[in-house]
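Enquirer: See input_34.csv below, with CSV, C-alpha atoms and all ligand atoms.
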```
chain,number,residue,atom,x,y,z
A,1,MET,CA,-64.7,-25.5,41.8
A,2,THR,CA,-63.3,-27.4,38.8
A,3,PRO,CA,-66.1,-28.0,36.3
A,4,THR,CA,-66.8,-31.6,35.5
A,5,LEU,CA,-68.0,-32.9,32.0
A,6,PHE,CA,-69.4,-36.3,31.1
A,7,ILE,CA,-68.8,-37.3,27.5
A,8,THR,CA,-70.3,-40.4,25.8
A,9,GLY,CA,-68.3,-41.9,23.0
A,10,ALA,CA,-64.9,-40.4,23.8
A,11,THR,CA,-62.8,-43.1,22.0
A,12,SER,CA,-62.8,-41.3,18.6
A,13,GLY,CA,-64.0,-38.4,16.6
A,14,PHE,CA,-65.9,-35.5,18.3
A,15,GLY,CA,-65.9,-37.1,21.7
A,16,GLU,CA,-62.2,-37.5,21.7
A,17,ALA,CA,-61.6,-34.0,20.4
A,18,CYS,CA,-63.9,-32.6,23.1
A,19,ALA,CA,-62.1,-34.5,25.8
A,20,ARG,CA,-58.8,-33.0,24.6
A,21,ARG,CA,-60.3,-29.5,24.3
A,22,PHE,CA,-61.9,-29.4,27.7
A,23,ALA,CA,-58.9,-31.1,29.4
A,24,ALA,CA,-56.7,-28.3,28.0
A,25,ALA,CA,-59.1,-25.8,29.7
A,26,GLY,CA,-58.8,-27.7,33.0
A,27,TRP,CA,-62.2,-29.4,33.2
A,28,SER,CA,-62.5,-32.7,35.0
A,29,LEU,CA,-63.7,-35.4,32.7
A,30,ILE,CA,-65.8,-38.6,32.8
A,31,LEU,CA,-65.2,-40.4,29.5
A,32,THR,CA,-67.2,-43.3,28.1
A,33,GLY,CA,-66.9,-45.7,25.2
A,34,ARG,CA,-66.8,-49.4,24.5
A,35,ARG,CA,-63.2,-49.7,23.2
A,36,GLU,CA,-61.4,-50.2,26.5
A,37,GLU,CA,-57.9,-49.9,25.3
A,38,ARG,CA,-58.5,-46.6,23.4
A,39,LEU,CA,-60.5,-45.2,26.3
A,40,HIS,CA,-57.8,-46.0,28.9
A,41,SER,CA,-55.0,-44.8,26.7
A,42,LEU,CA,-56.8,-41.4,26.2
A,43,ALA,CA,-57.6,-41.2,29.9
A,44,ASP,CA,-54.0,-42.0,30.9
A,45,GLU,CA,-52.7,-39.3,28.5
A,46,LEU,CA,-55.2,-36.6,29.7
A,47,SER,CA,-54.6,-37.5,33.4
A,48,ALA,CA,-51.4,-35.5,33.1
A,49,GLN,CA,-53.6,-32.4,32.7
A,50,THR,CA,-56.7,-33.1,34.7
A,51,ASP,CA,-58.8,-35.5,36.7
A,52,VAL,CA,-60.2,-38.1,34.3
A,53,LEU,CA,-62.4,-41.1,35.0
A,54,PRO,CA,-62.8,-43.6,32.2
A,55,LEU,CA,-66.0,-45.7,32.1
A,56,VAL,CA,-66.1,-48.6,29.7
A,57,VAL,CA,-69.8,-49.0,29.1
A,58,ASP,CA,-72.2,-49.4,26.2
A,59,VAL,CA,-74.8,-46.7,26.2
A,60,ARG,CA,-77.4,-49.2,24.9
A,61,ASP,CA,-77.1,-51.2,28.1
A,62,ARG,CA,-79.5,-49.5,30.5
A,63,LEU,CA,-78.5,-51.5,33.6
A,64,ALA,CA,-74.8,-51.0,33.0
A,65,MET,CA,-75.3,-47.3,32.4
A,66,GLN,CA,-77.3,-47.1,35.6
A,67,GLU,CA,-74.7,-49.0,37.6
A,68,ALA,CA,-71.8,-46.9,36.2
A,69,ILE,CA,-73.6,-43.6,36.9
A,70,LEU,CA,-74.9,-44.5,40.3
A,71,SER,CA,-71.4,-45.7,41.3
A,72,LEU,CA,-69.7,-42.4,40.4
A,73,PRO,CA,-67.3,-41.2,43.1
A,74,PRO,CA,-68.8,-38.5,45.4
A,75,ARG,CA,-66.5,-35.8,43.8
A,76,PHE,CA,-68.8,-36.1,40.7
A,77,SER,CA,-72.0,-35.5,42.6
A,78,THR,CA,-72.6,-32.4,40.5
A,79,LEU,CA,-71.9,-32.0,36.8
A,80,ARG,CA,-71.3,-28.9,34.9
A,81,GLY,CA,-71.8,-30.6,31.5
A,82,LEU,CA,-72.9,-33.6,29.5
A,83,ILE,CA,-72.1,-34.2,25.8
A,84,ASN,CA,-74.4,-36.8,24.5
A,85,ASN,CA,-72.2,-37.8,21.6
A,86,ALA,CA,-72.1,-41.6,21.2
A,87,GLY,CA,-73.9,-42.5,18.0
A,88,LEU,CA,-73.6,-44.0,14.6
A,89,ALA,CA,-75.1,-44.5,11.2
A,90,LEU,CA,-75.2,-47.9,9.5
A,91,GLY,CA,-75.3,-47.9,5.7
A,92,THR,CA,-77.0,-45.7,3.1
A,93,SER,CA,-79.0,-48.4,1.3
A,94,PRO,CA,-82.7,-47.6,0.5
A,95,ALA,CA,-85.1,-48.4,3.3
A,96,GLN,CA,-86.6,-51.3,1.4
A,97,ASP,CA,-83.2,-53.1,1.3
A,98,CYS,CA,-82.1,-52.5,4.9
A,99,ASN,CA,-81.3,-54.9,7.6
A,100,LEU,CA,-83.6,-54.5,10.7
A,101,ASP,CA,-80.7,-55.3,13.0
A,102,ASP,CA,-78.9,-52.2,11.7
A,103,TRP,CA,-82.1,-50.2,12.3
A,104,ASP,CA,-82.3,-51.5,15.9
A,105,THR,CA,-78.7,-50.6,16.5
A,106,MET,CA,-79.2,-47.0,15.4
A,107,VAL,CA,-82.4,-46.7,17.5
A,108,ASP,CA,-80.8,-48.3,20.5
A,109,THR,CA,-77.7,-46.2,20.4
A,110,ASN,CA,-78.8,-42.8,19.1
A,111,ILE,CA,-82.2,-42.7,20.8
A,112,LYS,CA,-82.3,-45.0,23.7
A,113,GLY,CA,-78.7,-44.6,24.8
A,114,LEU,CA,-79.0,-40.9,24.8
A,115,MET,CA,-82.3,-41.1,26.7
A,116,TYR,CA,-80.8,-43.3,29.4
A,117,THR,CA,-77.7,-41.1,29.8
A,118,THR,CA,-79.7,-38.0,30.0
A,119,ARG,CA,-82.2,-39.3,32.5
A,120,LEU,CA,-79.6,-40.8,34.7
A,121,LEU,CA,-77.5,-37.6,34.8
A,122,LEU,CA,-80.2,-34.9,35.0
A,123,PRO,CA,-80.2,-34.9,38.8
A,124,ARG,CA,-76.4,-34.1,38.9
A,125,LEU,CA,-76.8,-31.3,36.3
A,126,ILE,CA,-79.8,-29.8,38.1
A,127,ALA,CA,-77.8,-30.0,41.4
A,128,HIS,CA,-75.2,-27.8,39.6
A,129,GLY,CA,-77.8,-25.4,38.5
A,130,ALA,CA,-77.0,-22.2,36.7
A,131,GLY,CA,-74.5,-22.6,33.9
A,132,ALA,CA,-74.9,-26.4,33.6
A,133,SER,CA,-75.2,-27.5,29.9
A,134,ILE,CA,-76.2,-30.5,27.9
A,135,VAL,CA,-75.0,-30.6,24.3
A,136,ASN,CA,-76.7,-33.4,22.2
A,137,LEU,CA,-75.2,-34.5,18.9
A,138,GLY,CA,-78.0,-34.2,16.4
A,139,SER,CA,-77.3,-33.8,12.7
A,140,ILE,CA,-78.3,-32.1,9.6
A,141,ALA,CA,-79.9,-35.5,8.9
A,142,GLY,CA,-82.4,-34.8,11.6
A,143,ASN,CA,-83.5,-31.6,9.8
A,144,TRP,CA,-83.2,-32.6,6.1
A,145,PRO,CA,-83.9,-36.0,4.4
A,146,TYR,CA,-81.5,-37.5,1.9
A,147,PRO,CA,-81.6,-40.9,0.2
A,148,GLY,CA,-80.6,-43.6,2.6
A,149,SER,CA,-80.9,-41.4,5.7
A,150,HIS,CA,-84.2,-43.0,6.9
A,151,VAL,CA,-83.6,-44.4,10.4
A,152,TYR,CA,-80.4,-42.5,11.1
A,153,GLY,CA,-82.1,-39.2,10.1
A,154,ALA,CA,-85.2,-40.1,12.1
A,155,SER,CA,-83.1,-40.9,15.2
A,156,LYS,CA,-81.5,-37.5,14.9
A,157,ALA,CA,-84.9,-35.8,14.5
A,158,PHE,CA,-85.7,-37.5,17.8
A,159,VAL,CA,-82.6,-36.0,19.3
A,160,ARG,CA,-83.7,-32.5,18.1
A,161,GLN,CA,-87.2,-32.7,19.5
A,162,PHE,CA,-86.0,-34.3,22.7
A,163,SER,CA,-83.5,-31.5,23.2
A,164,LEU,CA,-86.1,-28.8,22.6
A,165,SER,CA,-88.6,-30.6,24.9
A,166,LEU,CA,-86.0,-30.9,27.7
A,167,ARG,CA,-85.7,-27.2,27.8
A,168,CYS,CA,-89.4,-26.9,28.8
A,169,ASP,CA,-89.0,-29.4,31.6
A,170,LEU,CA,-85.7,-27.8,32.8
A,171,GLN,CA,-87.3,-24.3,32.9
A,172,GLY,CA,-86.2,-22.7,36.2
A,173,THR,CA,-83.3,-25.1,36.9
A,174,GLY,CA,-80.6,-23.1,35.1
A,175,VAL,CA,-79.7,-26.2,33.0
A,176,ARG,CA,-79.2,-25.4,29.3
A,177,VAL,CA,-79.7,-27.7,26.4
A,178,THR,CA,-78.3,-27.4,22.9
A,179,ASN,CA,-78.9,-29.6,19.8
A,180,LEU,CA,-75.8,-29.4,17.7
A,181,GLU,CA,-76.5,-30.3,14.1
A,182,PRO,CA,-73.4,-30.8,12.0
A,183,GLY,CA,-73.1,-31.7,8.4
A,184,LEU,CA,-70.2,-33.3,6.7
A,185,CYS,CA,-67.4,-34.0,9.2
A,186,GLU,CA,-64.4,-36.3,8.8
A,187,SER,CA,-64.3,-39.0,11.4
A,188,GLU,CA,-64.5,-42.8,11.9
A,189,PHE,CA,-68.3,-42.2,11.5
A,190,SER,CA,-68.0,-43.0,7.8
A,191,LEU,CA,-65.9,-46.1,8.4
A,192,VAL,CA,-68.5,-47.4,10.8
A,193,ARG,CA,-71.3,-46.4,8.3
A,194,PHE,CA,-69.6,-48.3,5.5
A,195,SER,CA,-68.5,-51.3,7.6
A,196,GLY,CA,-64.8,-50.3,7.5
A,197,ASP,CA,-64.7,-49.8,3.7
A,198,GLN,CA,-61.8,-47.4,3.2
A,199,SER,CA,-62.6,-46.6,-0.4
A,200,LYS,CA,-66.1,-45.5,0.5
A,201,TYR,CA,-64.8,-43.5,3.4
A,202,ASP,CA,-62.3,-41.7,1.0
A,203,ALA,CA,-65.1,-41.0,-1.5
A,204,VAL,CA,-67.3,-39.3,1.1
A,205,TYR,CA,-64.6,-36.7,1.9
A,206,ALA,CA,-62.7,-36.5,-1.4
A,207,GLY,CA,-62.1,-32.8,-2.2
A,208,ALA,CA,-64.8,-31.6,0.2
A,209,ASN,CA,-62.7,-30.0,2.9
A,210,PRO,CA,-65.0,-31.4,5.6
A,211,ILE,CA,-65.4,-30.1,9.1
A,212,GLN,CA,-62.9,-31.7,11.5
A,213,PRO,CA,-63.6,-33.1,15.0
A,214,THR,CA,-61.4,-30.3,16.4
A,215,ASP,CA,-63.8,-27.8,14.8
A,216,ILE,CA,-66.8,-29.4,16.5
A,217,ALA,CA,-64.9,-29.5,19.8
A,218,GLU,CA,-64.2,-25.7,19.5
A,219,THR,CA,-67.9,-25.1,18.7
A,220,ILE,CA,-69.1,-27.1,21.7
A,221,PHE,CA,-66.5,-25.3,23.9
A,222,TRP,CA,-68.0,-22.0,22.7
A,223,VAL,CA,-71.5,-23.2,23.5
A,224,PHE,CA,-70.5,-24.2,27.0
A,225,ASN,CA,-68.8,-20.9,27.6
A,226,GLN,CA,-71.7,-18.7,26.8
A,227,PRO,CA,-72.9,-16.6,29.8
A,228,ALA,CA,-75.2,-18.6,32.1
A,229,HIS,CA,-78.2,-16.5,31.0
A,230,ILE,CA,-78.0,-17.6,27.4
A,231,ASN,CA,-79.2,-20.9,25.9
A,232,ILE,CA,-78.1,-21.8,22.3
A,233,ASN,CA,-81.2,-23.9,21.4
A,234,SER,CA,-79.9,-25.4,18.2
A,235,LEU,CA,-76.9,-24.9,16.0
A,236,GLU,CA,-76.6,-26.3,12.5
A,237,LEU,CA,-73.2,-26.2,10.7
A,238,MET,CA,-71.9,-27.4,7.4
A,239,PRO,CA,-68.6,-27.0,5.6
A,240,ILE,CA,-68.8,-24.3,3.0
A,241,THR,CA,-68.5,-26.9,0.3
A,242,GLN,CA,-71.9,-28.5,1.3
A,243,SER,CA,-75.4,-27.2,0.7
A,244,TRP,CA,-78.8,-28.6,-0.5
A,245,ASN,CA,-79.7,-30.1,-3.8
A,246,ASN,CA,-82.9,-30.2,-5.9
A,247,PHE,CA,-86.0,-32.2,-5.0
A,248,ALA,CA,-86.0,-35.5,-6.9
A,249,ILE,CA,-88.4,-35.8,-9.8
A,250,THR,CA,-89.2,-38.9,-11.8
A,251,ARG,CA,-90.0,-37.8,-15.4
A,252,GLY,CA,-91.8,-39.4,-18.2
A,253,SER,CA,-94.4,-41.2,-16.1
A,254,ALA,CA,-97.7,-39.9,-14.7
A,255,ASN,CA,-97.6,-42.0,-11.6
A,256,GLY,CA,-93.9,-41.9,-10.8
A,257,VAL,CA,-93.0,-45.6,-11.6
A,301,LIG,P1,-67.1,-41.6,15.6
A,301,LIG,O1,-67.4,-42.9,14.9
A,301,LIG,O2,-65.7,-41.1,15.4
A,301,LIG,O3,-67.3,-41.7,17.1
A,301,LIG,C1,-68.5,-42.3,17.7
A,301,LIG,C2,-68.3,-42.5,19.1
A,301,LIG,O4,-69.5,-43.1,19.7
A,301,LIG,C3,-67.1,-43.5,19.5
A,301,LIG,O5,-66.4,-43.0,20.5
A,301,LIG,C4,-67.8,-44.8,19.8
A,301,LIG,O6,-67.1,-45.5,20.8
A,301,LIG,C5,-69.1,-44.2,20.4
A,301,LIG,N1,-70.2,-45.2,20.5
A,301,LIG,C6,-70.8,-45.7,19.4
A,301,LIG,N2,-71.7,-46.7,19.8
A,301,LIG,C7,-71.6,-46.7,21.2
A,301,LIG,C8,-72.3,-47.5,22.2
A,301,LIG,N3,-73.2,-48.4,21.9
A,301,LIG,N4,-71.9,-47.3,23.5
A,301,LIG,C9,-71.0,-46.4,23.8
A,301,LIG,N5,-70.3,-45.6,22.9
A,301,LIG,C10,-70.7,-45.8,21.6
A,301,LIG,O7,-68.1,-40.6,15.0
A,301,LIG,P2,-68.3,-39.0,15.3
A,301,LIG,O8,-67.4,-38.5,16.3
A,301,LIG,O9,-68.2,-38.4,13.9
A,301,LIG,O10,-69.8,-38.9,15.7
A,301,LIG,C11,-70.2,-38.5,17.0
A,301,LIG,C12,-71.6,-38.2,17.0
A,301,LIG,O11,-71.8,-37.1,16.1
A,301,LIG,C13,-72.6,-39.3,16.6
A,301,LIG,O12,-73.7,-39.2,17.4
A,301,LIG,C14,-72.9,-38.9,15.1
A,301,LIG,O13,-74.2,-39.4,14.7
A,301,LIG,C15,-72.9,-37.4,15.2
A,301,LIG,N6,-72.6,-36.7,13.9
A,301,LIG,C16,-71.5,-37.1,13.1
A,301,LIG,C17,-71.3,-36.4,12.0
A,301,LIG,C18,-70.2,-36.7,11.0
A,301,LIG,O14,-70.3,-36.4,9.8
A,301,LIG,N7,-69.1,-37.3,11.5
A,301,LIG,C19,-72.2,-35.3,11.6
A,301,LIG,C20,-73.3,-35.0,12.4
A,301,LIG,C21,-73.5,-35.7,13.6
A,301,LIG,P3,-66.9,-47.1,20.9
A,301,LIG,O15,-67.0,-47.6,19.5
A,301,LIG,O16,-65.5,-47.2,21.5
A,301,LIG,O17,-68.0,-47.5,21.8
A,302,LIG,C1,-73.8,-37.1,9.8
A,302,LIG,C2,-74.0,-36.1,8.7
A,302,LIG,O1,-74.9,-35.8,6.4
A,302,LIG,O2,-73.8,-38.0,6.9
A,302,LIG,O3,-74.8,-36.9,10.8
A,302,LIG,O4,-76.0,-37.4,7.8
A,302,LIG,S1,-74.7,-36.9,7.4
```
Would you give me this structure, written as C-alpha cells?

Expert:
Amino acid sequence: MTPTLFITGATSGFGEACARRFAAAGWSLILTGRREERLHSLADELSAQTDVLPLVVDVRDRLAMQEAILSLPPRFSTLRGLINNAGLALGTSPAQDCNLDDWDTMVDTNIKGLMYTTRLLLPRLIAHGAGASIVNLGSIAGNWPYPGSHVYGASKAFVRQFSLSLRCDLQGTGVRVTNLEPGLCESEFSLVRFSGDQSKYDAVYAGANPIQPTDIAETIFWVFNQPAHININSLELMPITQSWNNFAITRGSANGV
C-alpha cells in the first residue's frame, strides 16, 4: 500500500522540501498551510508524481483543524507519517521588551497547533501501527538558551518533552516519535522572525554556510526509513560553522547591575 504522509506548513522551507522529497519516493501527501496560492501550486506540481491533498488551514484554529482532519477522504484512514513542522519565531528582542501578541502567536502555533494536529491524527497513525512515524520540529533553541530565545525556545522545549512523553503513551502501538532539533538553517523562518527585513535575514546567514531545507528533508526521510524496530528519539544537528559560546558574565559589579 502507498504510504501517506501528513505535513503541516508545506508552503515553504522544510515542509516544502519534505513534500518534494517524499513525493519523489512515491508517498501520498496531505499538505497544509495558510498561503492558499502557494499550497495549491505545490500540490498541482507534485500531483504529476503522486496523490496530493492540499488543506488550507491554520494550525492554531482547533475547530478548523478538527473539521479538516475529520473530513479526510476514506483513502487516508490510516497514515504512515506526520511531520509537525508548522512553526515560527517572532523577534529576538529581550523578554522585557517583547510584545505579548508575538508570544501568544508562538505559543498558539508551535505548542497548541502541534498539540491539536497530533491528537487529531494519532488514531490514524495507531491504525497504521508498526512503522508509522511522527517527526516533530523542535530546535536547538529547545535545548540551549540564547539571548532573545525566551518564548520561542520554551515552545521548542515543550515540543521536545511532548515528543518524549508521547513515546511512553504510544508504547505497544508501533508508532515512532522523533524530535528533530536543527540549528542554523536557511529559510523564510528568518524573514518571518525579522518581519520581512531582508538585511537582517542576510546577516543571519552571511558566510555561515547554513543547513538547507533539502538537508532537513533528507534527514527526515532517513528517520522515516529506519527499520520499524528502531526509534530515533531525538536528533540535534547544526552546520559545522555553528557551536556554543561562553556563558555571559557582567564584570566590575558585585551584584551584576
Ligand atoms: P518557514 O518559515 O520556511 O516555514 C514555516 C511553515 O510553517 C510555512 O509553511 C508556514 O506556512 C507554516 N505555518 C506557520 N504558521 C502557521 C499556522 N498558523 N498554520 C499553518 N501553517 C503555519 O520555516 P522553516 O521551514 O525553517 O521552519 C519549519 C519548522 O522548523 C518551524 O517549526 C521552525 O520553528 C523549525 N525550525 C527552523 C529552523 C531554522 O533555522 N529555519 C531551525 C530549527 C527549527 P503558511 O505561512 O503558509 O501558513
Ligand atoms: C531555529 C534555530 O538557532 O534560530 O529554531 O533558534 S535558532

Enquirer: Rank nothing, just name the residue among A:Ile240, A:Leu79, A:Ala43, A:Ile230 nearest to Ala127 in chain A, using only C-alpha atoms.

Expert: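 Result for the nearest residue to Ala127 in chain A: A:Leu79.
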
Enquirer: May I have the residues within 10 Å of Val107 in chain A as a PyMOL selection string, using only C-alpha atoms and disregarding those fewer than 2 positions away in the same chain?

Expert: chain A and resi 60+87-89+101-105+109-114+151-152+154-156+158

Enquirer: Have a look at CA of Thr118 in chain A and atom O2 of ligand LIG 302 (chain A) and let me know their distance in Å, one decimal.

Expert: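 Result for CA of Thr118 in chain A versus atom O2 of ligand LIG 302 (chain A): 23.8 Å, one decimal.
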
Enquirer: Tell me, in Å to one decimal, how far CA of Thr250 in chain A is from atom O1 of ligand LIG 302 (chain A).

Expert: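 Computing the Euclidean distance for CA of Thr250 in chain A and atom O1 of ligand LIG 302 (chain A) yields 23.4 Å.
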
Enquirer: May I ask you to write as a PyMOL selection string all residues lying at most 6 Å from ligand LIG 301 (chain A), with all atoms listed in the file counted?

Expert: chain A and resi 8-15+33-35+58-60+85-88+109+137-139+181-189

Enquirer: Grab the residues selected above and save them as a PDB file, in the coordinates of the input with C-alpha atoms.

Expert:
```
ATOM      1  CA  THR A   8     -70.300 -40.400  25.800  1.00  0.00           C
ATOM      2  CA  GLY A   9     -68.300 -41.900  23.000  1.00  0.00           C
ATOM      3  CA  ALA A  10     -64.900 -40.400  23.800  1.00  0.00           C
ATOM      4  CA  THR A  11     -62.800 -43.100  22.000  1.00  0.00           C
ATOM      5  CA  SER A  12     -62.800 -41.300  18.600  1.00  0.00           C
ATOM      6  CA  GLY A  13     -64.000 -38.400  16.600  1.00  0.00           C
ATOM      7  CA  PHE A  14     -65.900 -35.500  18.300  1.00  0.00           C
ATOM      8  CA  GLY A  15     -65.900 -37.100  21.700  1.00  0.00           C
ATOM      9  CA  GLY A  33     -66.900 -45.700  25.200  1.00  0.00           C
ATOM     10  CA  ARG A  34     -66.800 -49.400  24.500  1.00  0.00           C
ATOM     11  CA  ARG A  35     -63.200 -49.700  23.200  1.00  0.00           C
ATOM     12  CA  ASP A  58     -72.200 -49.400  26.200  1.00  0.00           C
ATOM     13  CA  VAL A  59     -74.800 -46.700  26.200  1.00  0.00           C
ATOM     14  CA  ARG A  60     -77.400 -49.200  24.900  1.00  0.00           C
ATOM     15  CA  ASN A  85     -72.200 -37.800  21.600  1.00  0.00           C
ATOM     16  CA  ALA A  86     -72.100 -41.600  21.200  1.00  0.00           C
ATOM     17  CA  GLY A  87     -73.900 -42.500  18.000  1.00  0.00           C
ATOM     18  CA  LEU A  88     -73.600 -44.000  14.600  1.00  0.00           C
ATOM     19  CA  THR A 109     -77.700 -46.200  20.400  1.00  0.00           C
ATOM     20  CA  LEU A 137     -75.200 -34.500  18.900  1.00  0.00           C
ATOM     21  CA  GLY A 138     -78.000 -34.200  16.400  1.00  0.00           C
ATOM     22  CA  SER A 139     -77.300 -33.800  12.700  1.00  0.00           C
ATOM     23  CA  GLU A 181     -76.500 -30.300  14.100  1.00  0.00           C
ATOM     24  CA  PRO A 182     -73.400 -30.800  12.000  1.00  0.00           C
ATOM     25  CA  GLY A 183     -73.100 -31.700   8.400  1.00  0.00           C
ATOM     26  CA  LEU A 184     -70.200 -33.300   6.700  1.00  0.00           C
ATOM     27  CA  CYS A 185     -67.400 -34.000   9.200  1.00  0.00           C
ATOM     28  CA  GLU A 186     -64.400 -36.300   8.800  1.00  0.00           C
ATOM     29  CA  SER A 187     -64.300 -39.000  11.400  1.00  0.00           C
ATOM     30  CA  GLU A 188     -64.500 -42.800  11.900  1.00  0.00           C
ATOM     31  CA  PHE A 189     -68.300 -42.200  11.500  1.00  0.00           C
TER      32      PHE A 189
END
```

Enquirer: What is the distance, in Å and to one decimal place, between atom O4 of ligand LIG 302 (chain A) and CA of Asn99 in chain A?

Expert: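 Taking atom O4 of ligand LIG 302 (chain A) and CA of Asn99 in chain A, their separation equals 18.3 Å.
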
Enquirer: Which one of A:Leu100, A:Leu42, A:Ala19, A:Leu31 sits closest to Val56 in chain A if you count only C-alpha atoms?

Expert: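 Checking each candidate against Val56 in chain A, we get A:Leu31 as the closest.
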
Enquirer: Compute the distance from (-88.3, -31.7, 27.4) to each atom, counting all atoms listed in the file, keep the residues with any atom at most 12 Å away, and return them as a list of chain:residue names; use the coordinates of the file.

Expert: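 Taken together, the residues in range are A:Met115, A:Thr118, A:Arg119, A:Leu122, A:Phe158, A:Val159, A:Arg160, A:Gln161, A:Phe162, A:Ser163, A:Leu164, A:Ser165, A:Leu166, A:Arg167, A:Cys168, A:Asp169, A:Leu170, A:Gln171, A:Val175, A:Arg176, A:Val177, A:Thr178.
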
Enquirer: Could you write out the selected residues, including C-alpha atoms, as a PDB file, in the frame of the given file?

Expert:
```pdb
ATOM      1  CA  MET A 115     -82.300 -41.100  26.700  1.00  0.00           C
ATOM      2  CA  THR A 118     -79.700 -38.000  30.000  1.00  0.00           C
ATOM      3  CA  ARG A 119     -82.200 -39.300  32.500  1.00  0.00           C
ATOM      4  CA  LEU A 122     -80.200 -34.900  35.000  1.00  0.00           C
ATOM      5  CA  PHE A 158     -85.700 -37.500  17.800  1.00  0.00           C
ATOM      6  CA  VAL A 159     -82.600 -36.000  19.300  1.00  0.00           C
ATOM      7  CA  ARG A 160     -83.700 -32.500  18.100  1.00  0.00           C
ATOM      8  CA  GLN A 161     -87.200 -32.700  19.500  1.00  0.00           C
ATOM      9  CA  PHE A 162     -86.000 -34.300  22.700  1.00  0.00           C
ATOM     10  CA  SER A 163     -83.500 -31.500  23.200  1.00  0.00           C
ATOM     11  CA  LEU A 164     -86.100 -28.800  22.600  1.00  0.00           C
ATOM     12  CA  SER A 165     -88.600 -30.600  24.900  1.00  0.00           C
ATOM     13  CA  LEU A 166     -86.000 -30.900  27.700  1.00  0.00           C
ATOM     14  CA  ARG A 167     -85.700 -27.200  27.800  1.00  0.00           C
ATOM     15  CA  CYS A 168     -89.400 -26.900  28.800  1.00  0.00           C
ATOM     16  CA  ASP A 169     -89.000 -29.400  31.600  1.00  0.00           C
ATOM     17  CA  LEU A 170     -85.700 -27.800  32.800  1.00  0.00           C
ATOM     18  CA  GLN A 171     -87.300 -24.300  32.900  1.00  0.00           C
ATOM     19  CA  VAL A 175     -79.700 -26.200  33.000  1.00  0.00           C
ATOM     20  CA  ARG A 176     -79.200 -25.400  29.300  1.00  0.00           C
ATOM     21  CA  VAL A 177     -79.700 -27.700  26.400  1.00  0.00           C
ATOM     22  CA  THR A 178     -78.300 -27.400  22.900  1.00  0.00           C
TER      23      THR A 178
END
```

Enquirer: So which one's closest to ligand LIG 302 (chain A), A:Asn255, A:Ser149, A:Asn246, A:Thr241? Using only C-alpha atoms and all ligand atoms, please.

Expert: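 Looking only at the distances to ligand LIG 302 (chain A), the closest residue turns out to be A:Ser149.
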
Enquirer: Skipping near chain neighbours, those fewer than 5 positions away, what residues fall within 6 Å of Asn136 in chain A using all atoms listed in the file, listed as JSON, numbers by chain?

Expert: {"A": [83, 84, 179]}

Enquirer: Enclose the full set of atoms of ligand LIG 302 (chain A) listed in the file within a box whose edges lie along x, y and z, apply 3 Å of padding to each of the six sides, and report centre and edge lengths in Å to one decimal as JSON.

Expert:
```
{"center_x": -74.9, "center_y": -36.9, "center_z": 8.6, "size_x": 8.2, "size_y": 8.2, "size_z": 10.4}
```

Enquirer: Taking all atoms listed in the file into account, name the residue in A:Pro213, A:Gly172, A:Gly196, A:Gly142 that is nearest to ligand LIG 302 (chain A).

Expert: A:Gly142

Enquirer: With a distance cut-off of 9 Å and all atoms listed in the file, select the neighbouring residues of Phe221 in chain A, excluding the residue or stretch itself and same-chain residues fewer than 5 positions from it, and output the selection as JSON, numbers by chain.

Expert: {"A": [18, 21, 22, 216, 226]}

Enquirer: Give me the residues within 9 Å of Ser77 in chain A as a ChimeraX atom specification, counting all atoms listed in the file and dropping any in the same chain fewer than 6 places off.

Expert: /A:124-125,127-128

Enquirer: Using all atoms listed in the file, find the one residue out of A:Glu236, A:Glu218, A:Glu37, A:Asp108 that sits nearest to ligand LIG 302 (chain A).

Expert: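 Closest to ligand LIG 302 (chain A) of all the choices is A:Glu236.
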
Enquirer: What's the 9 Å shell around Trp144 in chain A, counting only C-alpha atoms, without same-chain residues fewer than 4 positions away, as a CSV table (one decimal) with C-alpha atoms, in the coordinates of the input?

Expert:
```
chain,number,residue,atom,x,y,z
A,139,SER,CA,-77.3,-33.8,12.7
A,140,ILE,CA,-78.3,-32.1,9.6
A,153,GLY,CA,-82.1,-39.2,10.1
A,244,TRP,CA,-78.8,-28.6,-0.5
```

Enquirer: Taking all atoms listed in the file into account, which of A:Leu120, A:Gly131, A:Ala208, A:Met106 comes nearest Ser71 in chain A?

Expert: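 Looking at the shortest contact to Ser71 in chain A, the residue is A:Leu120.
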